[in-house]
Amino acid sequence: MGKNWSAQDYADGILRGDRVVLGRAITLVESSLPVHRELASAILEKCLPHTGRSFRIGITGPPGVGKSSFIEAFGGKLVREHGRRLAVLAIDPSSQVSGGSILGDKTRMERLGTEPNAFIRPSPAGSSLGGVANCTHESMLLCEAAGFDTVFIETVGVGQSETAVAGMVDFFLLLLLPGAGDELQGIKRGIVEMADLIAINKADGERIELAKAAKKDYALALHLFPEKESGWLPKAVTCSALTGEGLDELWGLLVDYQAVVKGNGWFERHRTYQSFQHFQEGFKRGLYEIMLQDEETKTALANAEKMVLEGNATISQALAPILAGLSLRITR
Ligand code: GDP
């Protein structure tokens with residue numbers, strides 16, 4: 001796999017299910033070099049007819065809840081007992097600040113990483129949320145083309161990335177700890193509302209009763225939210241990544257979920273809606289990049305931003321002359 005590999009060579013490797021080629025292609029997707037982006041885009045184009053066939057699951061929860069232990073145990077079960085082919089990706093914009101990645105630590109998911117039917121990819125570091133989310137979405141498509149029928153997208157449930165994840169998955173799983181309210185766990189209320197399933201992890205040893213109580217509380221809380229468009233009634237369960245307790249039931253619920261949303265047409269509708277959203281975002285991002293290529297606009301935007309941040313202008317005041325100028329140039 002050298003410098004002169006063509007998009008077709010990459011696509012052939014990916015469609016063969018070659019994980020090394022897949023990994024290299026994802027590196028191209030994550031790259032900011034224009035020549036890499038171009039190649040990545042050509043690879044994606046060739047892979048596109050083979051995408052979309054996986055069950056996409058977002059997994060989130062506060063740091064320490066046991067996300068990687070859960071993915072190791074649950075993912076391992078899916079791969080070993082249910083014959084699934086699993087890709088695990090992460091969205092982690094915080095890596096920019098911490099310098100580390102949530103999946104970057106090599107000791108995490110050690111066993112799963114050695115499974116021939118699993119593929120684990122740490123999050124790209126040092127990019128904006130929009131950039132990371134876009135990379136993750138494209139990486140997911142490549143994983144699907146490589147034959148992975150199940151994709152986990154992991155995020156730390158304390159930031160902004162949940163909305164980005166929700167924009168690319170079919171199912172949203174929230175892991176929580178027994179014996180602490182969501183505020184205490186640093187989880188925003190909106191995230192609880194987004195969940196299709198809440199799993200109270202670490203339901204083992206002395207924490208079993210606490211976990212059962214938490215499950216009851218969350219089941220009640222979920223009841224109070226407006227009904228989901230998907231027609232699925234969100235549920236709360238307990239599980240233990242340590243003992244494996246509850247993981248079979250959890251998979252059973254995921255299977256039920258698919259039957260419901262595929263049966264009522266929501267699955268397809270939701271995917272179409274997500275594509276529409278991605279199209280819009282892609283267009284806006286592209287437009288923005290073009291604008292920034294113009295030095296005059298770039299300087300004007302930086303000045304406007306400064307004025308707003310320093311409290312010397314409202315947003316519309318600061319933007320008005322720039323937008324008027326751009327509008328003139330477009331309509332000329
Ligand atoms: P993450 O930060 O959410 O990825 O959490 P980790 O998977 O790194 O787990 C944090 C700590 O909790 C580790 O010490 C794990 O061994 C422990 N842990 C994870 N899941 C369980 C569980 O189900 N039961 C118990 N008792 N400990 C767990």
# chains A, B, ... in the order shown; residues from 1 in each chain; ligands from 1
$ residues_around --residues "Glu110 of chain A" --least-positions-apart "6" --cutoff "10 Å" --atoms "only C-alpha atoms" --output "list in words"
Ser68, Ser69, Glu72 and Ile120 of chain A
$ closest_atom_pairs --of "chain A" --to "ligand 1" --cutoff "12 Å" --atoms "only C-alpha atoms and all ligand atoms" --output "tab-separated table"
residue	atom	partner	partner_atom_place_in_ligand_line	distance
A:Ile59	CA	ligand 1	3 (O)	9.9
A:Thr60	CA	ligand 1	3 (O)	8.2
A:Gly61	CA	ligand 1	3 (O)	6.4
A:Pro62	CA	ligand 1	3 (O)	6.1
A:Pro63	CA	ligand 1	2 (O)	4.0
A:Gly64	CA	ligand 1	2 (O)	3.5
A:Val65	CA	ligand 1	3 (O)	4.1
A:Gly66	CA	ligand 1	5 (O)	3.1
A:Lys67	CA	ligand 1	3 (O)	3.6
A:Ser68	CA	ligand 1	7 (O)	3.9
A:Ser69	CA	ligand 1	7 (O)	3.7
A:Phe70	CA	ligand 1	20 (N)	6.1
A:Ile71	CA	ligand 1	7 (O)	8.0
A:Glu72	CA	ligand 1	7 (O)	8.3
A:Ala73	CA	ligand 1	20 (N)	9.1
A:Phe74	CA	ligand 1	23 (O)	10.8
A:Ala90	CA	ligand 1	4 (O)	11.2
A:Ser101	CA	ligand 1	4 (O)	11.1
A:Ile102	CA	ligand 1	4 (O)	7.5
A:Leu103	CA	ligand 1	4 (O)	8.4
A:Gly104	CA	ligand 1	4 (O)	11.2
A:Asp105	CA	ligand 1	8 (O)	10.0
A:Lys106	CA	ligand 1	8 (O)	11.8
A:Thr107	CA	ligand 1	8 (O)	9.8
A:Arg108	CA	ligand 1	8 (O)	7.3
A:Met109	CA	ligand 1	7 (O)	8.6
A:Glu110	CA	ligand 1	7 (O)	11.5
A:Glu154	CA	ligand 1	4 (O)	9.1
A:Thr155	CA	ligand 1	3 (O)	9.2
A:Val156	CA	ligand 1	3 (O)	7.5
A:Gly157	CA	ligand 1	3 (O)	9.3
A:Val158	CA	ligand 1	3 (O)	11.3
A:Leu174	CA	ligand 1	3 (O)	10.8
A:Leu175	CA	ligand 1	3 (O)	8.3
A:Leu176	CA	ligand 1	3 (O)	9.2
A:Leu177	CA	ligand 1	23 (O)	9.3
A:Pro178	CA	ligand 1	24 (N)	10.4
A:Gln185	CA	ligand 1	3 (O)	11.5
A:Ala199	CA	ligand 1	23 (O)	10.5
A:Ile200	CA	ligand 1	23 (O)	8.9
A:Asn201	CA	ligand 1	23 (O)	5.2
A:Lys202	CA	ligand 1	23 (O)	3.4
A:Ala203	CA	ligand 1	23 (O)	6.2
A:Asp204	CA	ligand 1	26 (N)	5.9
A:Gly205	CA	ligand 1	26 (N)	7.1
A:Glu206	CA	ligand 1	26 (N)	9.0
A:Arg207	CA	ligand 1	26 (N)	8.2
A:Ile208	CA	ligand 1	26 (N)	10.0
A:Ala211	CA	ligand 1	23 (O)	10.8
A:Thr238	CA	ligand 1	23 (O)	9.5
A:Cys239	CA	ligand 1	23 (O)	6.7
A:Ser240	CA	ligand 1	23 (O)	3.5
A:Ala241	CA	ligand 1	23 (O)	3.6
A:Leu242	CA	ligand 1	23 (O)	4.2
A:Thr243	CA	ligand 1	23 (O)	6.6
A:Gly244	CA	ligand 1	23 (O)	7.6
A:Glu245	CA	ligand 1	23 (O)	8.5
A:Gly246	CA	ligand 1	23 (O)	10.0
A:Leu247	CA	ligand 1	23 (O)	10.3
$ select_by_dssp --residues "segment 155-271 of chain A" --states "strand (DSSP E)" --output "list in words"
Thr155, Val156, Phe171, Phe172, Leu173, Leu174, Leu175, Leu176, Leu197, Ile198, Ala199, Ile200, Lys235, Ala236, Val237 and Thr238 of chain A
$ write_last_selection --atoms "N, CA, C and O atoms" --output "PDB file, in the first residue's frame"
ATOM      1  N   THR A 155     -19.140   8.091  22.866  1.00  0.00           N
ATOM      2  CA  THR A 155     -18.800   9.466  23.255  1.00  0.00           C
ATOM      3  C   THR A 155     -18.837   9.566  24.765  1.00  0.00           C
ATOM      4  O   THR A 155     -19.493   8.785  25.434  1.00  0.00           O
ATOM      5  N   VAL A 156     -18.156  10.568  25.285  1.00  0.00           N
ATOM      6  CA  VAL A 156     -18.280  10.868  26.703  1.00  0.00           C
ATOM      7  C   VAL A 156     -19.514  11.740  26.855  1.00  0.00           C
ATOM      8  O   VAL A 156     -19.636  12.757  26.196  1.00  0.00           O
ATOM      9  N   PHE A 171     -29.730   4.110  17.129  1.00  0.00           N
ATOM     10  CA  PHE A 171     -30.131   3.779  18.496  1.00  0.00           C
ATOM     11  C   PHE A 171     -29.172   4.458  19.460  1.00  0.00           C
ATOM     12  O   PHE A 171     -27.965   4.498  19.238  1.00  0.00           O
ATOM     13  N   PHE A 172     -29.735   4.970  20.537  1.00  0.00           N
ATOM     14  CA  PHE A 172     -28.909   5.720  21.476  1.00  0.00           C
ATOM     15  C   PHE A 172     -28.953   5.046  22.847  1.00  0.00           C
ATOM     16  O   PHE A 172     -30.000   4.995  23.490  1.00  0.00           O
ATOM     17  N   LEU A 173     -27.807   4.545  23.287  1.00  0.00           N
ATOM     18  CA  LEU A 173     -27.701   3.843  24.576  1.00  0.00           C
ATOM     19  C   LEU A 173     -26.953   4.706  25.582  1.00  0.00           C
ATOM     20  O   LEU A 173     -25.835   5.152  25.316  1.00  0.00           O
ATOM     21  N   LEU A 174     -27.583   4.943  26.708  1.00  0.00           N
ATOM     22  CA  LEU A 174     -26.958   5.759  27.751  1.00  0.00           C
ATOM     23  C   LEU A 174     -26.590   4.872  28.934  1.00  0.00           C
ATOM     24  O   LEU A 174     -27.439   4.184  29.496  1.00  0.00           O
ATOM     25  N   LEU A 175     -25.316   4.885  29.291  1.00  0.00           N
ATOM     26  CA  LEU A 175     -24.867   4.127  30.469  1.00  0.00           C
ATOM     27  C   LEU A 175     -24.810   5.067  31.667  1.00  0.00           C
ATOM     28  O   LEU A 175     -24.271   6.164  31.570  1.00  0.00           O
ATOM     29  N   LEU A 176     -25.377   4.617  32.785  1.00  0.00           N
ATOM     30  CA  LEU A 176     -25.329   5.439  33.996  1.00  0.00           C
ATOM     31  C   LEU A 176     -24.893   4.589  35.186  1.00  0.00           C
ATOM     32  O   LEU A 176     -24.942   3.354  35.140  1.00  0.00           O
ATOM     33  N   LEU A 197     -32.394   3.628  25.372  1.00  0.00           N
ATOM     34  CA  LEU A 197     -32.229   2.647  26.440  1.00  0.00           C
ATOM     35  C   LEU A 197     -31.235   3.203  27.450  1.00  0.00           C
ATOM     36  O   LEU A 197     -30.199   3.740  27.072  1.00  0.00           O
ATOM     37  N   ILE A 198     -31.603   3.080  28.729  1.00  0.00           N
ATOM     38  CA  ILE A 198     -30.668   3.471  29.782  1.00  0.00           C
ATOM     39  C   ILE A 198     -30.222   2.195  30.474  1.00  0.00           C
ATOM     40  O   ILE A 198     -31.056   1.396  30.907  1.00  0.00           O
ATOM     41  N   ALA A 199     -28.928   1.972  30.521  1.00  0.00           N
ATOM     42  CA  ALA A 199     -28.413   0.801  31.228  1.00  0.00           C
ATOM     43  C   ALA A 199     -27.648   1.273  32.450  1.00  0.00           C
ATOM     44  O   ALA A 199     -26.699   2.046  32.336  1.00  0.00           O
ATOM     45  N   ILE A 200     -28.115   0.832  33.621  1.00  0.00           N
ATOM     46  CA  ILE A 200     -27.404   1.157  34.856  1.00  0.00           C
ATOM     47  C   ILE A 200     -26.311   0.107  34.980  1.00  0.00           C
ATOM     48  O   ILE A 200     -26.570  -1.062  35.280  1.00  0.00           O
ATOM     49  N   LYS A 235     -36.472   2.279  27.496  1.00  0.00           N
ATOM     50  CA  LYS A 235     -36.498   1.421  28.678  1.00  0.00           C
ATOM     51  C   LYS A 235     -35.266   1.634  29.531  1.00  0.00           C
ATOM     52  O   LYS A 235     -34.273   2.211  29.072  1.00  0.00           O
ATOM     53  N   ALA A 236     -35.344   1.161  30.786  1.00  0.00           N
ATOM     54  CA  ALA A 236     -34.178   1.187  31.662  1.00  0.00           C
ATOM     55  C   ALA A 236     -33.885  -0.237  32.109  1.00  0.00           C
ATOM     56  O   ALA A 236     -34.811  -0.995  32.410  1.00  0.00           O
ATOM     57  N   VAL A 237     -32.612  -0.605  32.102  1.00  0.00           N
ATOM     58  CA  VAL A 237     -32.212  -1.948  32.540  1.00  0.00           C
ATOM     59  C   VAL A 237     -30.979  -1.827  33.433  1.00  0.00           C
ATOM     60  O   VAL A 237     -30.362  -0.768  33.507  1.00  0.00           O
ATOM     61  N   THR A 238     -30.630  -2.913  34.080  1.00  0.00           N
ATOM     62  CA  THR A 238     -29.359  -2.932  34.813  1.00  0.00           C
ATOM     63  C   THR A 238     -28.431  -3.914  34.106  1.00  0.00           C
ATOM     64  O   THR A 238     -28.884  -4.838  33.440  1.00  0.00           O
TER      65      THR A 238
END
$ residues_around --residues "Val29 of chain A" --least-positions-apart "6" --cutoff "9 Å" --atoms "only C-alpha atoms" --output "list of chain:residue names"
A:His36, A:Arg37, A:Leu39, A:Ala40, A:Ser41, A:Leu44, A:Cys135, A:Thr136, A:Glu138, A:Ser139
$ residues_around --residues "Val151 of chain A" --least-positions-apart "6" --cutoff "7 Å" --atoms "only C-alpha atoms" --output "list in words"
Ser54, Phe55, Arg56, Ile57, Leu86, Ala87 and Val88 of chain A
$ write_last_selection --atoms "all heavy atoms" --output "compact mmCIF listing (two decimals), in the first residue's frame"
# COMPACT_ATOMS: atom_id res chain seq x y z
N SER A 54 -25.55 -1.43 8.27
CA SER A 54 -25.26 -1.86 9.65
C SER A 54 -26.30 -1.30 10.62
O SER A 54 -27.07 -0.40 10.29
CB SER A 54 -23.87 -1.39 10.06
OG SER A 54 -23.90 -0.03 10.43
N PHE A 55 -26.29 -1.85 11.81
CA PHE A 55 -27.08 -1.30 12.90
C PHE A 55 -26.13 -0.36 13.64
O PHE A 55 -25.09 -0.78 14.14
CB PHE A 55 -27.55 -2.45 13.80
CG PHE A 55 -28.48 -2.02 14.91
CD1 PHE A 55 -29.20 -0.83 14.86
CD2 PHE A 55 -28.66 -2.86 16.01
CE1 PHE A 55 -30.06 -0.46 15.89
CE2 PHE A 55 -29.52 -2.49 17.04
CZ PHE A 55 -30.22 -1.29 16.98
N ARG A 56 -26.48 0.92 13.65
CA ARG A 56 -25.59 1.96 14.19
C ARG A 56 -26.05 2.33 15.60
O ARG A 56 -27.15 2.83 15.78
CB ARG A 56 -25.63 3.18 13.28
CG ARG A 56 -25.26 2.86 11.83
CD ARG A 56 -25.67 3.98 10.91
NE ARG A 56 -25.19 3.77 9.54
CZ ARG A 56 -25.50 4.58 8.51
NH1 ARG A 56 -26.27 5.63 8.71
NH2 ARG A 56 -25.03 4.32 7.31
N ILE A 57 -25.16 2.12 16.54
CA ILE A 57 -25.53 2.31 17.95
C ILE A 57 -24.62 3.34 18.61
O ILE A 57 -23.40 3.18 18.61
CB ILE A 57 -25.43 0.96 18.70
CG1 ILE A 57 -26.36 -0.07 18.04
CG2 ILE A 57 -25.75 1.12 20.18
CD1 ILE A 57 -26.01 -1.50 18.40
N LEU A 86 -18.25 -6.27 14.25
CA LEU A 86 -18.42 -5.02 15.00
C LEU A 86 -17.29 -4.01 14.77
O LEU A 86 -16.11 -4.34 14.91
CB LEU A 86 -18.49 -5.36 16.50
CG LEU A 86 -18.47 -4.18 17.47
CD1 LEU A 86 -19.76 -3.38 17.38
CD2 LEU A 86 -18.23 -4.66 18.90
N ALA A 87 -17.67 -2.79 14.45
CA ALA A 87 -16.69 -1.70 14.38
C ALA A 87 -16.99 -0.72 15.52
O ALA A 87 -18.15 -0.39 15.76
CB ALA A 87 -16.79 -0.99 13.03
N VAL A 88 -15.95 -0.30 16.22
CA VAL A 88 -16.11 0.66 17.32
C VAL A 88 -15.37 1.95 16.98
O VAL A 88 -14.17 1.94 16.76
CB VAL A 88 -15.54 0.08 18.65
CG1 VAL A 88 -15.75 1.07 19.78
CG2 VAL A 88 -16.17 -1.26 18.98
$ atom_distance --atom1 "atom CA of Asp294 of chain A" --atom2 "atom CA of Gln317 of chain A"
21.1 Å
$ residues_around --residues "segment 265-273 of chain A" --least-positions-apart "6" --cutoff "9 Å" --atoms "only C-alpha atoms" --output "VMD selection string"
chain A and resid 52 168 to 170 229 to 231 258
$ write_last_selection --atoms "N, CA and C atoms" --output "PDB file, in the first residue's frame"
ATOM      1  N   GLY A  52     -24.516   1.554   4.637  1.00  0.00           N
ATOM      2  CA  GLY A  52     -25.877   1.726   5.155  1.00  0.00           C
ATOM      3  C   GLY A  52     -26.498   0.467   5.730  1.00  0.00           C
ATOM      4  N   MET A 168     -26.128  10.461  13.580  1.00  0.00           N
ATOM      5  CA  MET A 168     -25.584   9.406  12.717  1.00  0.00           C
ATOM      6  C   MET A 168     -25.878   7.984  13.188  1.00  0.00           C
ATOM      7  N   VAL A 169     -26.650   7.833  14.266  1.00  0.00           N
ATOM      8  CA  VAL A 169     -26.938   6.462  14.724  1.00  0.00           C
ATOM      9  C   VAL A 169     -28.433   6.145  14.670  1.00  0.00           C
ATOM     10  N   ASP A 170     -28.728   4.854  14.784  1.00  0.00           N
ATOM     11  CA  ASP A 170     -30.120   4.383  14.774  1.00  0.00           C
ATOM     12  C   ASP A 170     -30.656   4.240  16.191  1.00  0.00           C
ATOM     13  N   GLU A 229     -40.864   9.677  18.211  1.00  0.00           N
ATOM     14  CA  GLU A 229     -41.391   9.515  16.853  1.00  0.00           C
ATOM     15  C   GLU A 229     -41.170   8.112  16.331  1.00  0.00           C
ATOM     16  N   SER A 230     -40.137   7.454  16.871  1.00  0.00           N
ATOM     17  CA  SER A 230     -39.803   6.112  16.384  1.00  0.00           C
ATOM     18  C   SER A 230     -40.851   5.077  16.769  1.00  0.00           C
ATOM     19  N   GLY A 231     -41.727   5.434  17.724  1.00  0.00           N
ATOM     20  CA  GLY A 231     -42.716   4.468  18.177  1.00  0.00           C
ATOM     21  C   GLY A 231     -42.153   3.507  19.209  1.00  0.00           C
ATOM     22  N   GLN A 258     -35.087  -3.007  16.680  1.00  0.00           N
ATOM     23  CA  GLN A 258     -34.973  -3.049  15.213  1.00  0.00           C
ATOM     24  C   GLN A 258     -36.274  -3.532  14.579  1.00  0.00           C
TER      25      GLN A 258
END
$ atom_distance --atom1 "atom CA of Tyr218 of chain A" --atom2 "atom CA of Gly75 of chain A"
24.3 Å
$ closest_residue --among "A:Leu301, A:Leu319, A:Ala42, A:Cys143" --to "Arg121 of chain A" --atoms "only C-alpha atoms"
A:Cys143
